Every structure is written in C-alpha cells, then in structure tokens.
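Colleague: Following this message is one structure expressed as structure tokens.
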Amino acid sequence: MPYVTIRYERNKLYEEVWAEAVTTVAKRYGISDVALRKRCKQLAVPLPPLGYWARVAAGKKPPTPPLPKYSGQTEIVRQRFVSEDAGETDPEHLIARREFKMRPENRIVVSETLDMPHPLIAATERALRRPKGRDPRDLQTKGRQSLDLCVSDGSVQRALRIMDALVKALDARGMPLRIIELDKKQRSCVTLQGQNLAIRLVEITVRTERKLHVDAVSVPVLS
C-alpha cells in the first residue's frame with residue numbers, strides 16, 4: 001500500500017486557486033474542495049469570492065488580490081495513501097489521524113510500573129482483588145465502574161498497565177473509554193463515529209489435567 005507525499009506550497013497554491021476553480025485544483029491534489037480550502041486558510045492564501053469564475057466565463061477580468069504578507073508556515077506536508085488496485089485515497093480525517101499517531105509524543109507506550117493510574121484503572125484494580133477461595137487462574141472484574149478484564153492472578157499488573165496506557169491514549173484522542181450497559185451487560189466501550197465498540201482484555205489459558213501414576217508416588221516406609 002504505497003504512500004505519496006503531498007506538498008502544499010503557499011505561493012504555488014495561491015497561483016493555482018486564482019488560475020482555476022478550487023474544485024479543479026483539489027482533484028489534482030487528490031482531496032476534497034473543503035480540505036483544500038482548509039489548507040488555504042492555514043497558509044493564509046486568499047480564495048476567489050463567490051461568482052468570481054462566472055464573471056471570468058462572461059469575459060470579464062475581476063481583480064486578483066495580492067498574496068498578503070504572512071509570517072507563519074509557507075508549506076504543509078502530508079502523507080496520502082494510494083490504493084494499488086483502484087487508485088483510491090484515504091479520507092482527509094483518516095490521514096490526519098494517522099499523522100497524529102505517527103508523532104513520537106503520541107505513541108502508546110506501556111509503562112513498567114503502574115504510577116498515577118487512571119481512575120478507571122484504580123477502580124478495576126480494586127475489583128480484581130481475588131476473593132478468598134476463587135481460582136487464581138480465572139480472575140474477572142465484577143465492579144460496575146471497572147473495565148472488562150478476565151486475567152489470571154499473575155497477569156493482573158501487566159493487564160492493568162496495558163489498559164492504563166490505552167485509556168489515557170483514548171482520552172488524549174477525545175475518545176474516552178466509558179462503562180455503559182450494552183447487550184444487558186456492563187461493558188467497557190469507546191464511541192467511534194456514533195458506534196459503541198466494546199473493549200475487553202481476556203487472557204487465554206489452557207488447563208491440562210495430569211494423571212498421577214502409582215510409580216511416581218513416594219510412600220514413606222515405617223520401620
């Protein structure tokens with residue numbers, strides 16, 4: 001799946017949008033006209049007013065405003081996905097989200113220790129405290145305000161650290177994890193494009209029964 005680098009240069013963009021309609025220029029960049037207008041706004045590039053191209057088509061020569069002085073950035077660089085099969089491109093919001101994730105400061109890193117846990121993680125840790133007599137290989141949360149986890153005793157701390165990193169990352173992206181009722185059960189959910197997606201961390205374990213052989217039993221001999 002190839003990616004191409006798209007450069008929006010201020011001077012070039014100014015010349016393009018005053019030489020052709022924004023919709024035409026946008027197609028050349030492989031984005032929508034709304035996205036191109038956004039780029040122009042970011043680079044302080046003026047756009048033709050409504051009715052400008054109709055006047056040009058009528059043989060008139062409306063004035064072109066000069067490119068204003070600007071002390072900000074003069075170029076925007078973006079990565080765009082291009083399908084090998086259909087030549088399709090990713091929507092603008094997906095491109096922006098991918099660029100956000102690619103920044104080093106936005107990487108999701110699981111800490112070695114559970115310091116200053118998220119409130120949901122603290123509640124989950126309390127819910128995971130094993131009642132006396134429960135099988136330590138099958139530990140599941142029961143609290144109404146705890147995340148949906150099912151792990152063994154030995155994996156509790158690692159599971160909490162993983163979920164702590166995930167919950168904090170979702171918060172930073174404006175998609176907080178919430179405990180809601182879904183399918184008549186309390187679920188850990190994140191809302192994405194209007195849909196509630198349940199998130200559950202489950203440790204897969206395999207139980208093996210061992211048969212005890214008589215010759216393997218050591219019986220003390222009384223003298």
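Following the order of the structure tokens, first chain is A, next is B, and so on, with residues numbered from 1 inside each chain and ligands from 1 in the order they appear.
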Name all residues at most 9 Å from Tyr8 of chain A (count only C-alpha atoms; drop same-chain ones fewer than 4 positions away) and give them as number ranges by chain.
Modeller: A: 12-13, 29, 39-40, 43, 74-78
Colleague: Keeping only all heavy atoms, take the residues you just selected and write them out as a short mmCIF file (atom, residue, chain, number, x, y, z; two decimals), in the first residue's frame.
Modeller:
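Result saved to again_20.cif:
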```cif
data_model
loop_
_atom_site.label_atom_id
_atom_site.label_comp_id
_atom_site.auth_asym_id
_atom_site.auth_seq_id
_atom_site.Cartn_x
_atom_site.Cartn_y
_atom_site.Cartn_z
N LYS A 12 2.67 28.63 -4.64
CA LYS A 12 2.12 27.81 -5.72
C LYS A 12 0.62 27.66 -5.58
O LYS A 12 -0.13 27.76 -6.56
CB LYS A 12 2.80 26.44 -5.71
CG LYS A 12 2.30 25.51 -6.81
CD LYS A 12 2.96 24.14 -6.71
CE LYS A 12 2.41 23.21 -7.78
NZ LYS A 12 2.97 21.84 -7.66
N LEU A 13 0.17 27.45 -4.34
CA LEU A 13 -1.26 27.27 -4.09
C LEU A 13 -2.02 28.55 -4.44
O LEU A 13 -3.12 28.50 -5.01
CB LEU A 13 -1.47 26.91 -2.62
CG LEU A 13 -2.78 26.20 -2.25
CD1 LEU A 13 -2.96 24.93 -3.08
CD2 LEU A 13 -2.78 25.85 -0.76
N TYR A 29 -4.84 17.51 -6.28
CA TYR A 29 -4.17 17.13 -5.04
C TYR A 29 -4.75 15.85 -4.44
O TYR A 29 -4.22 15.31 -3.47
CB TYR A 29 -4.29 18.26 -4.01
CG TYR A 29 -3.32 19.40 -4.23
CD1 TYR A 29 -3.70 20.54 -4.94
CD2 TYR A 29 -2.03 19.34 -3.72
CE1 TYR A 29 -2.82 21.59 -5.14
CE2 TYR A 29 -1.13 20.39 -3.91
CZ TYR A 29 -1.53 21.51 -4.62
OH TYR A 29 -0.64 22.54 -4.82
N ARG A 39 -6.60 24.06 3.77
CA ARG A 39 -5.16 24.26 3.58
C ARG A 39 -4.87 25.72 3.25
O ARG A 39 -3.90 26.30 3.75
CB ARG A 39 -4.67 23.36 2.44
CG ARG A 39 -4.77 21.88 2.73
CD ARG A 39 -3.69 21.42 3.68
NE ARG A 39 -3.86 20.01 3.99
CZ ARG A 39 -4.44 19.55 5.08
NH1 ARG A 39 -4.91 20.41 5.97
NH2 ARG A 39 -4.55 18.26 5.30
N CYS A 40 -5.70 26.32 2.41
CA CYS A 40 -5.51 27.72 2.05
C CYS A 40 -5.64 28.62 3.27
O CYS A 40 -4.87 29.58 3.45
CB CYS A 40 -6.52 28.14 0.98
SG CYS A 40 -6.21 27.38 -0.64
N LEU A 43 -2.54 28.48 5.37
CA LEU A 43 -1.39 29.18 4.77
C LEU A 43 -1.70 30.63 4.44
O LEU A 43 -0.88 31.30 3.81
CB LEU A 43 -0.96 28.44 3.49
CG LEU A 43 -0.41 27.02 3.69
CD1 LEU A 43 -0.22 26.32 2.35
CD2 LEU A 43 0.90 27.06 4.46
N THR A 74 4.98 28.37 5.43
CA THR A 74 4.76 28.58 4.00
C THR A 74 4.54 27.27 3.25
O THR A 74 4.35 27.28 2.04
CB THR A 74 5.96 29.31 3.38
OG1 THR A 74 7.15 28.53 3.58
CG2 THR A 74 6.14 30.69 4.00
N GLU A 75 4.57 26.17 3.98
CA GLU A 75 4.38 24.87 3.33
C GLU A 75 3.77 23.88 4.32
O GLU A 75 4.09 23.88 5.50
CB GLU A 75 5.72 24.34 2.82
CG GLU A 75 5.61 23.01 2.08
CD GLU A 75 6.97 22.49 1.61
OE1 GLU A 75 7.82 22.22 2.48
OE2 GLU A 75 7.16 22.35 0.40
N ILE A 76 2.87 23.06 3.81
CA ILE A 76 2.27 21.97 4.59
C ILE A 76 2.57 20.67 3.87
O ILE A 76 2.34 20.56 2.66
CB ILE A 76 0.74 22.15 4.74
CG1 ILE A 76 0.43 23.43 5.54
CG2 ILE A 76 0.12 20.94 5.44
CD1 ILE A 76 -1.05 23.73 5.62
N VAL A 77 3.10 19.69 4.60
CA VAL A 77 3.45 18.40 4.00
C VAL A 77 2.55 17.33 4.60
O VAL A 77 2.41 17.23 5.81
CB VAL A 77 4.93 18.05 4.25
CG1 VAL A 77 5.26 16.70 3.61
CG2 VAL A 77 5.83 19.14 3.69
N ARG A 78 1.95 16.54 3.74
CA ARG A 78 1.05 15.47 4.19
C ARG A 78 1.38 14.17 3.45
O ARG A 78 1.85 14.19 2.32
CB ARG A 78 -0.41 15.84 3.93
CG ARG A 78 -0.92 16.98 4.81
CD ARG A 78 -1.07 16.52 6.24
NE ARG A 78 -1.64 17.55 7.09
CZ ARG A 78 -0.93 18.40 7.80
NH1 ARG A 78 0.39 18.36 7.74
NH2 ARG A 78 -1.52 19.29 8.58
#
```
Colleague: Could you list, as a PyMOL selection string, every residue within 8 Å of segment 189-206 of chain A, counting only C-alpha atoms and ignoring same-chain residues fewer than 3 positions away?
Modeller: chain A and resi 137+147-152+159+175-180
Colleague: Any idea what the distance is between atom CA of Ser111 of chain A and atom CA of Gly154 of chain A?
Modeller: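 A separation of 17.1 Å between them.
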Colleague: Residues at most 12 Å from segment 51-57 of chain A, counting only C-alpha atoms, excluding those fewer than 2 positions away in the same chain, as a PyMOL selection string?
Modeller: chain A and resi 17-23+47-49+59-64
Colleague: Identify, with DSSP run on backbone atoms, the residues in segment 36-83 of chain A assigned to alpha helix (DSSP H), and express the list as an MDAnalysis selection string.
Modeller: chainID A and resid 36:42 52:57
Colleague: How would the residues just picked look written out with N, CA, C and O atoms as a compact mmCIF listing (two decimals), in the first residue's frame?
Modeller:
```txt
# COMPACT_ATOMS: atom_id res chain seq x y z
N LEU A 36 -9.12 21.47 0.67
CA LEU A 36 -8.20 22.43 0.06
C LEU A 36 -8.43 23.83 0.61
O LEU A 36 -7.47 24.58 0.85
N ARG A 37 -9.68 24.19 0.83
CA ARG A 37 -9.97 25.49 1.43
C ARG A 37 -9.34 25.59 2.83
O ARG A 37 -8.86 26.65 3.23
N LYS A 38 -9.35 24.48 3.53
CA LYS A 38 -8.74 24.44 4.86
C LYS A 38 -7.24 24.67 4.77
O LYS A 38 -6.66 25.41 5.57
N ARG A 39 -6.60 24.06 3.77
CA ARG A 39 -5.16 24.26 3.58
C ARG A 39 -4.87 25.72 3.25
O ARG A 39 -3.90 26.30 3.75
N CYS A 40 -5.70 26.32 2.41
CA CYS A 40 -5.51 27.72 2.05
C CYS A 40 -5.64 28.62 3.27
O CYS A 40 -4.87 29.58 3.45
N LYS A 41 -6.58 28.30 4.12
CA LYS A 41 -6.77 29.09 5.34
C LYS A 41 -5.56 28.97 6.25
O LYS A 41 -5.11 29.95 6.85
N GLN A 42 -5.00 27.75 6.34
CA GLN A 42 -3.83 27.52 7.19
C GLN A 42 -2.62 28.30 6.68
O GLN A 42 -1.77 28.72 7.48
N TYR A 52 -16.91 34.60 -8.79
CA TYR A 52 -15.69 35.04 -9.49
C TYR A 52 -15.55 34.35 -10.85
O TYR A 52 -15.33 35.01 -11.88
N TRP A 53 -15.69 33.02 -10.87
CA TRP A 53 -15.47 32.29 -12.11
C TRP A 53 -16.60 32.50 -13.11
O TRP A 53 -16.40 32.38 -14.33
N ALA A 54 -17.79 32.83 -12.64
CA ALA A 54 -18.89 33.16 -13.55
C ALA A 54 -18.58 34.45 -14.29
O ALA A 54 -18.87 34.59 -15.49
N ARG A 55 -17.98 35.39 -13.59
CA ARG A 55 -17.60 36.66 -14.22
C ARG A 55 -16.48 36.44 -15.23
O ARG A 55 -16.46 37.06 -16.30
N VAL A 56 -15.55 35.54 -14.89
CA VAL A 56 -14.46 35.23 -15.84
C VAL A 56 -15.03 34.58 -17.09
O VAL A 56 -14.63 34.90 -18.23
N ALA A 57 -16.00 33.66 -16.90
CA ALA A 57 -16.61 32.98 -18.04
C ALA A 57 -17.39 33.95 -18.92
O ALA A 57 -17.55 33.72 -20.13
```
